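Below is entry-v8.csv, which holds CSV, N, CA and C atoms.
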```csv
chain,number,residue,atom,x,y,z
A,975,MET,N,20.9,36.2,7.9
A,975,MET,CA,19.9,35.6,7.1
A,975,MET,C,20.6,34.8,6.0
A,976,LEU,N,20.0,33.6,5.8
A,976,LEU,CA,20.5,32.8,4.7
A,976,LEU,C,19.4,32.3,3.8
A,977,ASP,N,19.6,32.3,2.5
A,977,ASP,CA,18.5,31.8,1.6
A,977,ASP,C,18.8,30.3,1.5
A,978,LEU,N,18.0,29.5,2.2
A,978,LEU,CA,18.2,28.0,2.1
A,978,LEU,C,17.8,27.4,0.8
A,979,LYS,N,17.0,28.1,0.0
A,979,LYS,CA,16.6,27.6,-1.3
A,979,LYS,C,17.9,27.5,-2.2
A,980,ARG,N,18.8,28.4,-2.0
A,980,ARG,CA,20.0,28.4,-2.8
A,980,ARG,C,21.1,27.5,-2.2
A,981,ARG,N,20.8,27.0,-1.0
A,981,ARG,CA,21.8,26.1,-0.3
A,981,ARG,C,21.3,24.7,-0.3
A,982,ARG,N,20.4,24.5,0.7
A,982,ARG,CA,19.8,23.2,0.9
A,982,ARG,C,18.5,23.4,1.7
A,983,PRO,N,17.4,23.2,1.1
A,983,PRO,CA,16.1,23.5,1.8
A,983,PRO,C,15.8,22.3,2.8
A,984,ASP,N,16.5,22.2,3.9
A,984,ASP,CA,16.3,21.2,4.8
A,984,ASP,C,16.5,21.8,6.2
A,985,VAL,N,15.5,21.9,7.0
A,985,VAL,CA,15.5,22.5,8.3
A,985,VAL,C,16.4,21.8,9.2
A,986,ARG,N,16.3,20.5,9.3
A,986,ARG,CA,17.2,19.7,10.2
A,986,ARG,C,18.7,19.9,9.9
A,987,ALA,N,19.0,19.9,8.6
A,987,ALA,CA,20.4,20.1,8.2
A,987,ALA,C,20.9,21.5,8.5
A,988,TYR,N,20.0,22.4,8.4
A,988,TYR,CA,20.3,23.8,8.7
A,988,TYR,C,20.6,23.9,10.2
A,989,VAL,N,19.7,23.4,11.1
A,989,VAL,CA,20.0,23.4,12.5
A,989,VAL,C,21.3,22.7,12.9
A,990,ALA,N,21.5,21.6,12.3
A,990,ALA,CA,22.8,20.8,12.5
A,990,ALA,C,24.0,21.7,12.1
A,991,ALA,N,23.9,22.4,11.0
A,991,ALA,CA,24.9,23.3,10.6
A,991,ALA,C,25.2,24.4,11.6
A,992,LEU,N,24.1,25.0,12.1
A,992,LEU,CA,24.2,26.0,13.1
A,992,LEU,C,24.9,25.5,14.4
A,993,GLU,N,24.6,24.3,14.8
A,993,GLU,CA,25.2,23.6,15.9
A,993,GLU,C,26.7,23.4,15.6
A,994,GLU,N,27.0,23.0,14.4
A,994,GLU,CA,28.4,22.7,14.0
A,994,GLU,C,29.2,24.1,14.0
A,995,TRP,N,28.6,25.1,13.6
A,995,TRP,CA,29.2,26.5,13.6
A,995,TRP,C,29.6,26.8,15.0
A,996,ILE,N,28.6,26.6,16.0
A,996,ILE,CA,28.9,27.0,17.4
A,996,ILE,C,30.0,26.1,17.9
A,997,ILE,N,29.9,24.8,17.6
A,997,ILE,CA,30.9,23.8,18.1
A,997,ILE,C,32.3,24.2,17.7
A,998,ARG,N,32.5,24.6,16.4
A,998,ARG,CA,33.8,25.0,15.9
A,998,ARG,C,34.2,26.3,16.5
A,999,THR,N,33.3,27.2,16.8
A,999,THR,CA,33.6,28.5,17.4
A,999,THR,C,34.1,28.2,18.8
A,1000,LEU,N,33.4,27.4,19.6
A,1000,LEU,CA,33.9,27.1,21.0
A,1000,LEU,C,35.2,26.4,21.0
A,1001,ALA,N,35.5,25.6,20.0
A,1001,ALA,CA,36.8,24.9,20.0
A,1001,ALA,C,37.9,25.8,19.9
A,1002,ARG,N,37.7,27.0,19.3
A,1002,ARG,CA,38.8,27.9,19.2
A,1002,ARG,C,39.2,28.5,20.6
A,1003,PHE,N,38.4,28.3,21.6
A,1003,PHE,CA,38.6,28.7,23.0
A,1003,PHE,C,38.8,27.5,23.9
A,1004,ASN,N,39.1,26.3,23.3
A,1004,ASN,CA,39.3,25.1,24.0
A,1004,ASN,C,38.1,24.6,24.9
A,1005,VAL,N,37.0,24.9,24.3
A,1005,VAL,CA,35.7,24.4,24.9
A,1005,VAL,C,35.1,23.4,24.0
A,1006,ARG,N,34.8,22.2,24.6
A,1006,ARG,CA,34.3,21.1,23.7
A,1006,ARG,C,32.7,21.2,23.8
A,1007,GLY,N,32.2,21.8,22.8
A,1007,GLY,CA,30.7,21.8,22.7
A,1007,GLY,C,30.3,20.5,22.0
A,1008,GLU,N,29.1,20.0,22.3
A,1008,GLU,CA,28.5,18.8,21.7
A,1008,GLU,C,27.0,19.0,21.4
A,1009,ARG,N,26.6,18.3,20.4
A,1009,ARG,CA,25.1,18.3,20.1
A,1009,ARG,C,24.5,17.1,20.7
A,1010,ARG,N,23.2,17.1,20.9
A,1010,ARG,CA,22.5,16.0,21.4
A,1010,ARG,C,21.3,15.8,20.5
A,1011,GLU,N,21.0,14.5,20.2
A,1011,GLU,CA,19.9,14.2,19.3
A,1011,GLU,C,18.5,14.6,19.9
A,1012,ASP,N,18.4,14.5,21.3
A,1012,ASP,CA,17.1,14.8,21.9
A,1012,ASP,C,17.0,16.2,22.4
A,1013,ARG,N,18.0,17.1,22.2
A,1013,ARG,CA,18.0,18.5,22.7
A,1013,ARG,C,18.7,19.4,21.7
A,1014,VAL,N,18.0,20.5,21.3
A,1014,VAL,CA,18.6,21.4,20.4
A,1014,VAL,C,19.5,22.3,21.2
A,1015,GLY,N,20.6,22.8,20.5
A,1015,GLY,CA,21.5,23.7,21.1
A,1015,GLY,C,22.9,23.0,21.2
A,1016,VAL,N,23.8,23.6,21.9
A,1016,VAL,CA,25.1,23.1,22.1
A,1016,VAL,C,25.3,22.9,23.6
A,1017,TRP,N,25.9,21.8,24.0
A,1017,TRP,CA,26.0,21.4,25.4
A,1017,TRP,C,27.5,21.1,25.7
A,1018,VAL,N,27.9,21.3,27.0
A,1018,VAL,CA,29.2,20.9,27.5
A,1018,VAL,C,29.0,20.0,28.6
A,1019,ARG,N,29.8,19.0,28.7
A,1019,ARG,CA,29.8,18.0,29.8
A,1019,ARG,C,30.3,18.7,31.1
A,1020,ARG,N,29.7,18.4,32.2
A,1020,ARG,CA,30.1,19.0,33.5
A,1020,ARG,C,30.4,17.9,34.5
A,1021,PRO,N,31.5,17.1,34.4
A,1021,PRO,CA,31.8,16.1,35.3
A,1021,PRO,C,32.1,16.7,36.7
A,1022,ASP,N,32.4,18.0,36.8
A,1022,ASP,CA,32.7,18.6,38.1
A,1022,ASP,C,31.4,18.7,38.9
A,1023,LYS,N,30.2,18.6,38.2
A,1023,LYS,CA,28.9,18.6,38.9
A,1023,LYS,C,28.4,17.2,39.2
A,1024,GLY,N,29.0,16.2,38.6
A,1024,GLY,CA,28.5,14.9,38.8
A,1024,GLY,C,28.4,14.1,37.5
A,1025,ALA,N,28.2,12.8,37.6
A,1025,ALA,CA,28.1,12.0,36.4
A,1025,ALA,C,26.8,12.3,35.7
A,1026,GLY,N,26.9,12.5,34.4
A,1026,GLY,CA,25.7,12.7,33.5
A,1026,GLY,C,25.3,14.2,33.5
A,1027,PHE,N,26.0,15.1,34.2
A,1027,PHE,CA,25.6,16.5,34.2
A,1027,PHE,C,26.1,17.2,32.9
A,1028,GLU,N,25.3,18.0,32.3
A,1028,GLU,CA,25.7,18.8,31.2
A,1028,GLU,C,25.0,20.2,31.3
A,1029,ASP,N,25.7,21.2,30.7
A,1029,ASP,CA,25.1,22.5,30.7
A,1029,ASP,C,25.0,23.0,29.3
A,1030,LYS,N,24.0,23.7,29.0
A,1030,LYS,CA,23.8,24.3,27.7
A,1030,LYS,C,24.6,25.6,27.6
A,1031,ILE,N,25.4,25.7,26.6
A,1031,ILE,CA,26.2,26.9,26.4
A,1031,ILE,C,25.7,27.8,25.3
A,1032,ALA,N,24.9,27.2,24.4
A,1032,ALA,CA,24.4,28.0,23.2
A,1032,ALA,C,23.0,27.5,22.8
A,1033,ALA,N,22.2,28.4,22.5
A,1033,ALA,CA,20.8,28.2,22.1
A,1033,ALA,C,20.6,28.5,20.6
A,1034,ILE,N,19.6,27.9,20.0
A,1034,ILE,CA,19.3,28.1,18.6
A,1034,ILE,C,17.8,28.4,18.5
A,1035,GLY,N,17.5,29.5,17.9
A,1035,GLY,CA,16.1,29.8,17.6
A,1035,GLY,C,16.0,30.2,16.1
A,1036,VAL,N,15.2,29.4,15.4
A,1036,VAL,CA,15.2,29.6,14.0
A,1036,VAL,C,13.7,29.8,13.5
A,1037,ARG,N,13.6,30.7,12.6
A,1037,ARG,CA,12.3,30.9,11.9
A,1037,ARG,C,12.7,31.0,10.4
A,1038,LEU,N,11.9,30.3,9.6
A,1038,LEU,CA,12.1,30.4,8.1
A,1038,LEU,C,10.9,31.0,7.5
A,1039,LYS,N,11.1,31.9,6.6
A,1039,LYS,CA,10.0,32.5,5.8
A,1039,LYS,C,10.4,32.4,4.3
A,1040,ARG,N,9.7,31.5,3.6
A,1040,ARG,CA,10.0,31.3,2.2
A,1040,ARG,C,11.5,30.8,2.0
A,1041,TRP,N,11.9,29.9,3.0
A,1041,TRP,CA,13.2,29.3,3.0
A,1041,TRP,C,14.3,30.3,3.3
A,1042,VAL,N,14.0,31.5,3.8
A,1042,VAL,CA,15.0,32.5,4.2
A,1042,VAL,C,15.0,32.4,5.7
A,1043,SER,N,16.2,32.3,6.3
A,1043,SER,CA,16.3,32.1,7.8
A,1043,SER,C,16.2,33.5,8.4
A,1044,LEU,N,15.6,33.4,9.6
A,1044,LEU,CA,15.5,34.6,10.5
A,1044,LEU,C,15.9,34.1,11.9
A,1045,HIS,N,16.3,35.0,12.7
A,1045,HIS,CA,16.8,34.7,14.0
A,1045,HIS,C,18.1,33.9,13.9
A,1046,GLY,N,18.4,33.1,14.9
A,1046,GLY,CA,19.7,32.4,14.8
A,1046,GLY,C,20.2,31.7,16.1
A,1047,ILE,N,21.4,32.2,16.5
A,1047,ILE,CA,22.0,31.5,17.6
A,1047,ILE,C,22.3,32.5,18.8
A,1048,ALA,N,22.6,31.9,19.9
A,1048,ALA,CA,23.0,32.7,21.1
A,1048,ALA,C,24.0,31.9,21.9
A,1049,ILE,N,25.2,32.4,21.9
A,1049,ILE,CA,26.3,31.8,22.7
A,1049,ILE,C,26.4,32.5,24.0
A,1050,ASN,N,26.3,31.8,25.1
A,1050,ASN,CA,26.4,32.5,26.5
A,1050,ASN,C,27.9,32.8,26.7
A,1051,VAL,N,28.2,34.1,26.6
A,1051,VAL,CA,29.6,34.6,26.8
A,1051,VAL,C,29.8,34.9,28.2
A,1052,GLU,N,29.0,35.9,28.7
A,1052,GLU,CA,29.1,36.3,30.1
A,1052,GLU,C,27.7,36.8,30.7
A,1053,PRO,N,26.7,36.0,30.5
A,1053,PRO,CA,25.4,36.5,31.1
A,1053,PRO,C,25.3,36.3,32.6
A,1054,ASP,N,24.4,36.9,33.2
A,1054,ASP,CA,24.1,36.7,34.6
A,1054,ASP,C,23.3,35.4,34.7
A,1055,LEU,N,23.9,34.3,35.0
A,1055,LEU,CA,23.3,33.0,35.0
A,1055,LEU,C,22.2,32.8,36.1
A,1056,THR,N,22.1,33.7,37.0
A,1056,THR,CA,21.0,33.7,38.0
A,1056,THR,C,19.7,33.9,37.4
A,1057,HIS,N,19.7,34.6,36.2
A,1057,HIS,CA,18.4,34.9,35.5
A,1057,HIS,C,17.8,33.6,35.0
A,1058,PHE,N,18.6,32.5,34.8
A,1058,PHE,CA,18.0,31.3,34.4
A,1058,PHE,C,17.4,30.5,35.5
A,1059,SER,N,17.6,30.9,36.7
A,1059,SER,CA,17.0,30.1,37.8
A,1059,SER,C,15.5,30.3,38.0
A,1060,ALA,N,15.0,31.3,37.4
A,1060,ALA,CA,13.5,31.6,37.5
A,1060,ALA,C,12.7,31.0,36.3
A,1061,ILE,N,13.4,30.3,35.3
A,1061,ILE,CA,12.7,29.8,34.2
A,1061,ILE,C,13.2,28.4,33.9
A,1062,VAL,N,12.6,27.7,33.0
A,1062,VAL,CA,13.0,26.4,32.5
A,1062,VAL,C,13.6,26.6,31.2
A,1063,PRO,N,15.0,26.8,31.1
A,1063,PRO,CA,15.6,27.1,29.8
A,1063,PRO,C,15.3,26.1,28.8
A,1064,CYS,N,14.8,26.6,27.6
A,1064,CYS,CA,14.5,25.7,26.5
A,1064,CYS,C,13.7,24.5,26.8
A,1065,GLY,N,12.9,24.6,27.9
A,1065,GLY,CA,12.0,23.5,28.2
A,1065,GLY,C,12.6,22.3,28.8
A,1066,VAL,N,13.9,22.4,29.2
A,1066,VAL,CA,14.6,21.2,29.8
A,1066,VAL,C,14.6,21.4,31.3
A,1067,ALA,N,13.8,20.5,31.9
A,1067,ALA,CA,13.6,20.6,33.4
A,1067,ALA,C,14.4,19.6,34.2
A,1068,ASP,N,15.1,18.7,33.5
A,1068,ASP,CA,15.9,17.7,34.2
A,1068,ASP,C,17.0,18.5,35.0
A,1069,PRO,N,17.1,18.2,36.3
A,1069,PRO,CA,18.1,18.9,37.1
A,1069,PRO,C,19.6,18.6,36.7
A,1070,ARG,N,19.8,17.6,35.9
A,1070,ARG,CA,21.2,17.3,35.5
A,1070,ARG,C,21.6,18.3,34.4
A,1071,PHE,N,20.7,19.0,33.8
A,1071,PHE,CA,21.0,19.9,32.7
A,1071,PHE,C,20.7,21.4,33.2
A,1072,ALA,N,21.7,22.2,33.0
A,1072,ALA,CA,21.6,23.6,33.4
A,1072,ALA,C,22.2,24.5,32.3
A,1073,VAL,N,22.5,25.7,32.6
A,1073,VAL,CA,23.0,26.7,31.7
A,1073,VAL,C,24.3,27.1,32.2
A,1074,THR,N,25.2,27.3,31.2
A,1074,THR,CA,26.6,27.8,31.6
A,1074,THR,C,27.0,28.9,30.6
A,1075,SER,N,28.2,29.4,30.8
A,1075,SER,CA,28.7,30.4,29.9
A,1075,SER,C,30.2,30.2,29.8
A,1076,LEU,N,30.8,30.9,28.8
A,1076,LEU,CA,32.3,30.9,28.7
A,1076,LEU,C,33.0,31.3,30.0
A,1077,VAL,N,32.5,32.4,30.6
A,1077,VAL,CA,33.1,32.9,31.8
A,1077,VAL,C,32.9,31.9,32.9
A,1078,ASP,N,31.7,31.3,33.0
A,1078,ASP,CA,31.5,30.3,34.1
A,1078,ASP,C,32.4,29.1,33.9
A,1079,LEU,N,32.8,28.8,32.7
A,1079,LEU,CA,33.7,27.7,32.5
A,1079,LEU,C,35.2,28.1,32.6
A,1080,GLY,N,35.4,29.3,33.0
A,1080,GLY,CA,36.8,29.8,33.2
A,1080,GLY,C,37.5,30.4,32.0
A,1081,HIS,N,36.7,30.9,31.0
A,1081,HIS,CA,37.2,31.4,29.8
A,1081,HIS,C,36.7,32.9,29.7
A,1082,PRO,N,37.4,33.8,30.3
A,1082,PRO,CA,36.9,35.2,30.1
A,1082,PRO,C,37.3,35.8,28.8
A,1083,ILE,N,36.4,35.6,27.8
A,1083,ILE,CA,36.6,36.0,26.4
A,1083,ILE,C,35.7,37.2,26.1
A,1084,SER,N,36.2,38.1,25.4
A,1084,SER,CA,35.5,39.3,25.0
A,1084,SER,C,34.5,39.0,23.8
A,1085,MET,N,33.5,39.8,23.7
A,1085,MET,CA,32.6,39.6,22.6
A,1085,MET,C,33.3,39.8,21.2
A,1086,ALA,N,34.3,40.7,21.2
A,1086,ALA,CA,35.0,40.9,20.0
A,1086,ALA,C,35.8,39.6,19.6
A,1087,GLU,N,36.3,38.9,20.5
A,1087,GLU,CA,37.0,37.7,20.3
A,1087,GLU,C,36.0,36.6,19.8
A,1088,VAL,N,34.9,36.6,20.4
A,1088,VAL,CA,33.8,35.6,20.0
A,1088,VAL,C,33.4,35.9,18.5
A,1089,ASP,N,33.2,37.2,18.2
A,1089,ASP,CA,32.8,37.6,16.9
A,1089,ASP,C,33.8,37.2,15.8
A,1090,ILE,N,35.1,37.3,16.1
A,1090,ILE,CA,36.1,36.9,15.2
A,1090,ILE,C,36.1,35.4,15.0
A,1091,ALA,N,35.9,34.7,16.1
A,1091,ALA,CA,35.9,33.2,16.0
A,1091,ALA,C,34.6,32.8,15.2
A,1092,LEU,N,33.5,33.4,15.5
A,1092,LEU,CA,32.2,33.1,14.8
A,1092,LEU,C,32.4,33.3,13.3
A,1093,ARG,N,33.0,34.4,12.9
A,1093,ARG,CA,33.1,34.7,11.5
A,1093,ARG,C,34.0,33.6,10.8
A,1094,SER,N,35.1,33.3,11.4
A,1094,SER,CA,36.0,32.3,10.8
A,1094,SER,C,35.3,30.9,10.7
A,1095,ALA,N,34.6,30.5,11.8
A,1095,ALA,CA,33.9,29.2,11.8
A,1095,ALA,C,32.7,29.2,10.8
A,1096,PHE,N,32.1,30.4,10.7
A,1096,PHE,CA,31.0,30.5,9.7
A,1096,PHE,C,31.4,30.1,8.3
A,1097,GLU,N,32.5,30.7,7.9
A,1097,GLU,CA,33.0,30.4,6.6
A,1097,GLU,C,33.4,29.0,6.4
A,1098,GLU,N,33.9,28.3,7.4
A,1098,GLU,CA,34.2,26.9,7.3
A,1098,GLU,C,32.9,26.1,7.1
A,1099,VAL,N,31.8,26.4,7.8
A,1099,VAL,CA,30.6,25.6,7.8
A,1099,VAL,C,29.7,26.0,6.6
A,1100,PHE,N,29.5,27.3,6.4
A,1100,PHE,CA,28.6,27.8,5.4
A,1100,PHE,C,29.2,28.2,4.1
A,1101,GLY,N,30.5,28.3,4.0
A,1101,GLY,CA,31.2,28.8,2.8
A,1101,GLY,C,31.7,30.2,2.9
A,1102,SER,N,32.5,30.6,2.0
A,1102,SER,CA,33.2,31.9,2.1
A,1102,SER,C,32.6,32.9,1.2
A,1103,GLU,N,31.3,32.8,0.9
A,1103,GLU,CA,30.7,33.9,0.1
A,1103,GLU,C,30.8,35.2,0.8
A,1104,THR,N,30.5,36.3,0.2
A,1104,THR,CA,30.6,37.6,0.8
A,1104,THR,C,29.3,37.7,1.8
A,1105,PHE,N,29.6,37.9,3.0
A,1105,PHE,CA,28.6,38.2,4.0
A,1105,PHE,C,28.8,39.4,4.7
A,1106,ARG,N,27.8,40.1,5.1
A,1106,ARG,CA,27.9,41.3,5.9
A,1106,ARG,C,27.6,41.1,7.3
A,1107,PHE,N,28.5,41.3,8.2
A,1107,PHE,CA,28.3,41.1,9.6
A,1107,PHE,C,28.3,42.5,10.3
A,1108,ARG,N,27.4,42.6,11.3
A,1108,ARG,CA,27.3,43.9,12.0
A,1108,ARG,C,28.0,43.8,13.3
```

As structure tokens, how would this structure be written, given the file I've shared?
Amino acid sequence: MLDLKRRRPDVRAYVAALEEWIIRTLARFNVRGERREDRVGVWVRRPDKGAGFEDKIAAIGVRLKRWVSLHGIAINVEPDLTHFSAIVPCGVADPRFAVTSLVDLGHPISMAEVDIALRSAFEEVFGSETFRFR
């Protein structure tokens, strides 16, 4: 939870900062995440699937109440990707866009490693104030 009144009360800037946080976290594992103007979340290019193919590796779900953030981000570390075949993830139905994970990309990384990288990248993007992580 972040109090955006104390930071910058701008929802688009906050979502962009969350995307940047994820991109920096993924970079620690040599994964190049990218943002897209027309799609929320973080994407990786998949030339192995064909020209113009991209997979979503992280989702963002935000709710603000009195400028205090609730919910947040989800990085696909090692989910069962077959679960995504029965839904249209994030409303993106274009067959060039799918869902991936760190394991699917060949990076078998533990949740503990991801947590450490998230914390470090969080401080870079949002500052080094005292935060409590669970």

Quiz prompt | Nearest residue to A:Ser1094 from the set A:Arg986, A:His1057, A:Arg1019, A:Arg998 (distances using only N, CA and C atoms) | solution =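 Smallest distance to A:Ser1094 is found for A:Arg998.
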
Select from stretch 980-1099 of chain A everything DSSP, run on the backbone, classes as strand (DSSP E), then give the selection as a CSV table (one decimal) with N, CA and C atoms, keeping the file's coordinate frame.
```
chain,number,residue,atom,x,y,z
A,1008,GLU,N,29.1,20.0,22.3
A,1008,GLU,CA,28.5,18.8,21.7
A,1008,GLU,C,27.0,19.0,21.4
A,1009,ARG,N,26.6,18.3,20.4
A,1009,ARG,CA,25.1,18.3,20.1
A,1009,ARG,C,24.5,17.1,20.7
A,1010,ARG,N,23.2,17.1,20.9
A,1010,ARG,CA,22.5,16.0,21.4
A,1010,ARG,C,21.3,15.8,20.5
A,1013,ARG,N,18.0,17.1,22.2
A,1013,ARG,CA,18.0,18.5,22.7
A,1013,ARG,C,18.7,19.4,21.7
A,1014,VAL,N,18.0,20.5,21.3
A,1014,VAL,CA,18.6,21.4,20.4
A,1014,VAL,C,19.5,22.3,21.2
A,1015,GLY,N,20.6,22.8,20.5
A,1015,GLY,CA,21.5,23.7,21.1
A,1015,GLY,C,22.9,23.0,21.2
A,1016,VAL,N,23.8,23.6,21.9
A,1016,VAL,CA,25.1,23.1,22.1
A,1016,VAL,C,25.3,22.9,23.6
A,1017,TRP,N,25.9,21.8,24.0
A,1017,TRP,CA,26.0,21.4,25.4
A,1017,TRP,C,27.5,21.1,25.7
A,1018,VAL,N,27.9,21.3,27.0
A,1018,VAL,CA,29.2,20.9,27.5
A,1018,VAL,C,29.0,20.0,28.6
A,1019,ARG,N,29.8,19.0,28.7
A,1019,ARG,CA,29.8,18.0,29.8
A,1019,ARG,C,30.3,18.7,31.1
A,1028,GLU,N,25.3,18.0,32.3
A,1028,GLU,CA,25.7,18.8,31.2
A,1028,GLU,C,25.0,20.2,31.3
A,1029,ASP,N,25.7,21.2,30.7
A,1029,ASP,CA,25.1,22.5,30.7
A,1029,ASP,C,25.0,23.0,29.3
A,1030,LYS,N,24.0,23.7,29.0
A,1030,LYS,CA,23.8,24.3,27.7
A,1030,LYS,C,24.6,25.6,27.6
A,1031,ILE,N,25.4,25.7,26.6
A,1031,ILE,CA,26.2,26.9,26.4
A,1031,ILE,C,25.7,27.8,25.3
A,1032,ALA,N,24.9,27.2,24.4
A,1032,ALA,CA,24.4,28.0,23.2
A,1032,ALA,C,23.0,27.5,22.8
A,1033,ALA,N,22.2,28.4,22.5
A,1033,ALA,CA,20.8,28.2,22.1
A,1033,ALA,C,20.6,28.5,20.6
A,1034,ILE,N,19.6,27.9,20.0
A,1034,ILE,CA,19.3,28.1,18.6
A,1034,ILE,C,17.8,28.4,18.5
A,1035,GLY,N,17.5,29.5,17.9
A,1035,GLY,CA,16.1,29.8,17.6
A,1035,GLY,C,16.0,30.2,16.1
A,1036,VAL,N,15.2,29.4,15.4
A,1036,VAL,CA,15.2,29.6,14.0
A,1036,VAL,C,13.7,29.8,13.5
A,1037,ARG,N,13.6,30.7,12.6
A,1037,ARG,CA,12.3,30.9,11.9
A,1037,ARG,C,12.7,31.0,10.4
A,1038,LEU,N,11.9,30.3,9.6
A,1038,LEU,CA,12.1,30.4,8.1
A,1038,LEU,C,10.9,31.0,7.5
A,1039,LYS,N,11.1,31.9,6.6
A,1039,LYS,CA,10.0,32.5,5.8
A,1039,LYS,C,10.4,32.4,4.3
A,1042,VAL,N,14.0,31.5,3.8
A,1042,VAL,CA,15.0,32.5,4.2
A,1042,VAL,C,15.0,32.4,5.7
A,1043,SER,N,16.2,32.3,6.3
A,1043,SER,CA,16.3,32.1,7.8
A,1043,SER,C,16.2,33.5,8.4
A,1044,LEU,N,15.6,33.4,9.6
A,1044,LEU,CA,15.5,34.6,10.5
A,1044,LEU,C,15.9,34.1,11.9
A,1045,HIS,N,16.3,35.0,12.7
A,1045,HIS,CA,16.8,34.7,14.0
A,1045,HIS,C,18.1,33.9,13.9
A,1046,GLY,N,18.4,33.1,14.9
A,1046,GLY,CA,19.7,32.4,14.8
A,1046,GLY,C,20.2,31.7,16.1
A,1047,ILE,N,21.4,32.2,16.5
A,1047,ILE,CA,22.0,31.5,17.6
A,1047,ILE,C,22.3,32.5,18.8
A,1048,ALA,N,22.6,31.9,19.9
A,1048,ALA,CA,23.0,32.7,21.1
A,1048,ALA,C,24.0,31.9,21.9
A,1049,ILE,N,25.2,32.4,21.9
A,1049,ILE,CA,26.3,31.8,22.7
A,1049,ILE,C,26.4,32.5,24.0
A,1071,PHE,N,20.7,19.0,33.8
A,1071,PHE,CA,21.0,19.9,32.7
A,1071,PHE,C,20.7,21.4,33.2
A,1072,ALA,N,21.7,22.2,33.0
A,1072,ALA,CA,21.6,23.6,33.4
A,1072,ALA,C,22.2,24.5,32.3
A,1073,VAL,N,22.5,25.7,32.6
A,1073,VAL,CA,23.0,26.7,31.7
A,1073,VAL,C,24.3,27.1,32.2
```

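Between atom N of A:Ile1034 and atom N of A:Arg981 lies a distance of 21.1 Å.
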
Practice problem: If you run DSSP over the backbone, which residues in stretch 1032-1101 of chain A end up helix (DSSP H, G or I)? Put them as an MDAnalysis selection string. | Solution: chainID A and resid 1055:1060 1063:1065 1085:1100

Please return, as a PDB file with N, CA and C atoms, keeping the file's coordinate frame, all polymer residues that have at least one atom within 6.5 Å of the point (23.1, 25.3, 19.1); use all atoms listed in the file and the file's own coordinate frame.
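The resulting file, out34.pdb, is shown below:
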```
ATOM      1  N   LEU A 992      24.100  25.000  12.100  1.00  0.00           N
ATOM      2  CA  LEU A 992      24.200  26.000  13.100  1.00  0.00           C
ATOM      3  C   LEU A 992      24.900  25.500  14.400  1.00  0.00           C
ATOM      4  N   GLU A 993      24.600  24.300  14.800  1.00  0.00           N
ATOM      5  CA  GLU A 993      25.200  23.600  15.900  1.00  0.00           C
ATOM      6  C   GLU A 993      26.700  23.400  15.600  1.00  0.00           C
ATOM      7  N   ILE A 996      28.600  26.600  16.000  1.00  0.00           N
ATOM      8  CA  ILE A 996      28.900  27.000  17.400  1.00  0.00           C
ATOM      9  C   ILE A 996      30.000  26.100  17.900  1.00  0.00           C
ATOM     10  N   VAL A1014      18.000  20.500  21.300  1.00  0.00           N
ATOM     11  CA  VAL A1014      18.600  21.400  20.400  1.00  0.00           C
ATOM     12  C   VAL A1014      19.500  22.300  21.200  1.00  0.00           C
ATOM     13  N   GLY A1015      20.600  22.800  20.500  1.00  0.00           N
ATOM     14  CA  GLY A1015      21.500  23.700  21.100  1.00  0.00           C
ATOM     15  C   GLY A1015      22.900  23.000  21.200  1.00  0.00           C
ATOM     16  N   VAL A1016      23.800  23.600  21.900  1.00  0.00           N
ATOM     17  CA  VAL A1016      25.100  23.100  22.100  1.00  0.00           C
ATOM     18  C   VAL A1016      25.300  22.900  23.600  1.00  0.00           C
ATOM     19  N   ALA A1032      24.900  27.200  24.400  1.00  0.00           N
ATOM     20  CA  ALA A1032      24.400  28.000  23.200  1.00  0.00           C
ATOM     21  C   ALA A1032      23.000  27.500  22.800  1.00  0.00           C
ATOM     22  N   ALA A1033      22.200  28.400  22.500  1.00  0.00           N
ATOM     23  CA  ALA A1033      20.800  28.200  22.100  1.00  0.00           C
ATOM     24  C   ALA A1033      20.600  28.500  20.600  1.00  0.00           C
ATOM     25  N   ILE A1034      19.600  27.900  20.000  1.00  0.00           N
ATOM     26  CA  ILE A1034      19.300  28.100  18.600  1.00  0.00           C
ATOM     27  C   ILE A1034      17.800  28.400  18.500  1.00  0.00           C
ATOM     28  N   ILE A1047      21.400  32.200  16.500  1.00  0.00           N
ATOM     29  CA  ILE A1047      22.000  31.500  17.600  1.00  0.00           C
ATOM     30  C   ILE A1047      22.300  32.500  18.800  1.00  0.00           C
TER      31      ILE A1047
END
```

Protein, DNA and RNA residues within 7 Å of (23.4, 17.2, 30.4), all atoms listed in the file, as a short mmCIF file (atom, residue, chain, number, x, y, z; two decimals) with N, CA and C atoms, in the frame of the given file:
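Below is the file part.cif, written as the result:
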```cif
data_model
loop_
_atom_site.label_atom_id
_atom_site.label_comp_id
_atom_site.auth_asym_id
_atom_site.auth_seq_id
_atom_site.Cartn_x
_atom_site.Cartn_y
_atom_site.Cartn_z
N VAL A 1018 27.90 21.30 27.00
CA VAL A 1018 29.20 20.90 27.50
C VAL A 1018 29.00 20.00 28.60
N ARG A 1019 29.80 19.00 28.70
CA ARG A 1019 29.80 18.00 29.80
C ARG A 1019 30.30 18.70 31.10
N ARG A 1020 29.70 18.40 32.20
CA ARG A 1020 30.10 19.00 33.50
C ARG A 1020 30.40 17.90 34.50
N GLY A 1026 26.90 12.50 34.40
CA GLY A 1026 25.70 12.70 33.50
C GLY A 1026 25.30 14.20 33.50
N PHE A 1027 26.00 15.10 34.20
CA PHE A 1027 25.60 16.50 34.20
C PHE A 1027 26.10 17.20 32.90
N GLU A 1028 25.30 18.00 32.30
CA GLU A 1028 25.70 18.80 31.20
C GLU A 1028 25.00 20.20 31.30
N ASP A 1029 25.70 21.20 30.70
CA ASP A 1029 25.10 22.50 30.70
C ASP A 1029 25.00 23.00 29.30
N LYS A 1030 24.00 23.70 29.00
CA LYS A 1030 23.80 24.30 27.70
C LYS A 1030 24.60 25.60 27.60
N ARG A 1070 19.80 17.60 35.90
CA ARG A 1070 21.20 17.30 35.50
C ARG A 1070 21.60 18.30 34.40
N PHE A 1071 20.70 19.00 33.80
CA PHE A 1071 21.00 19.90 32.70
C PHE A 1071 20.70 21.40 33.20
N ALA A 1072 21.70 22.20 33.00
CA ALA A 1072 21.60 23.60 33.40
C ALA A 1072 22.20 24.50 32.30
#
```
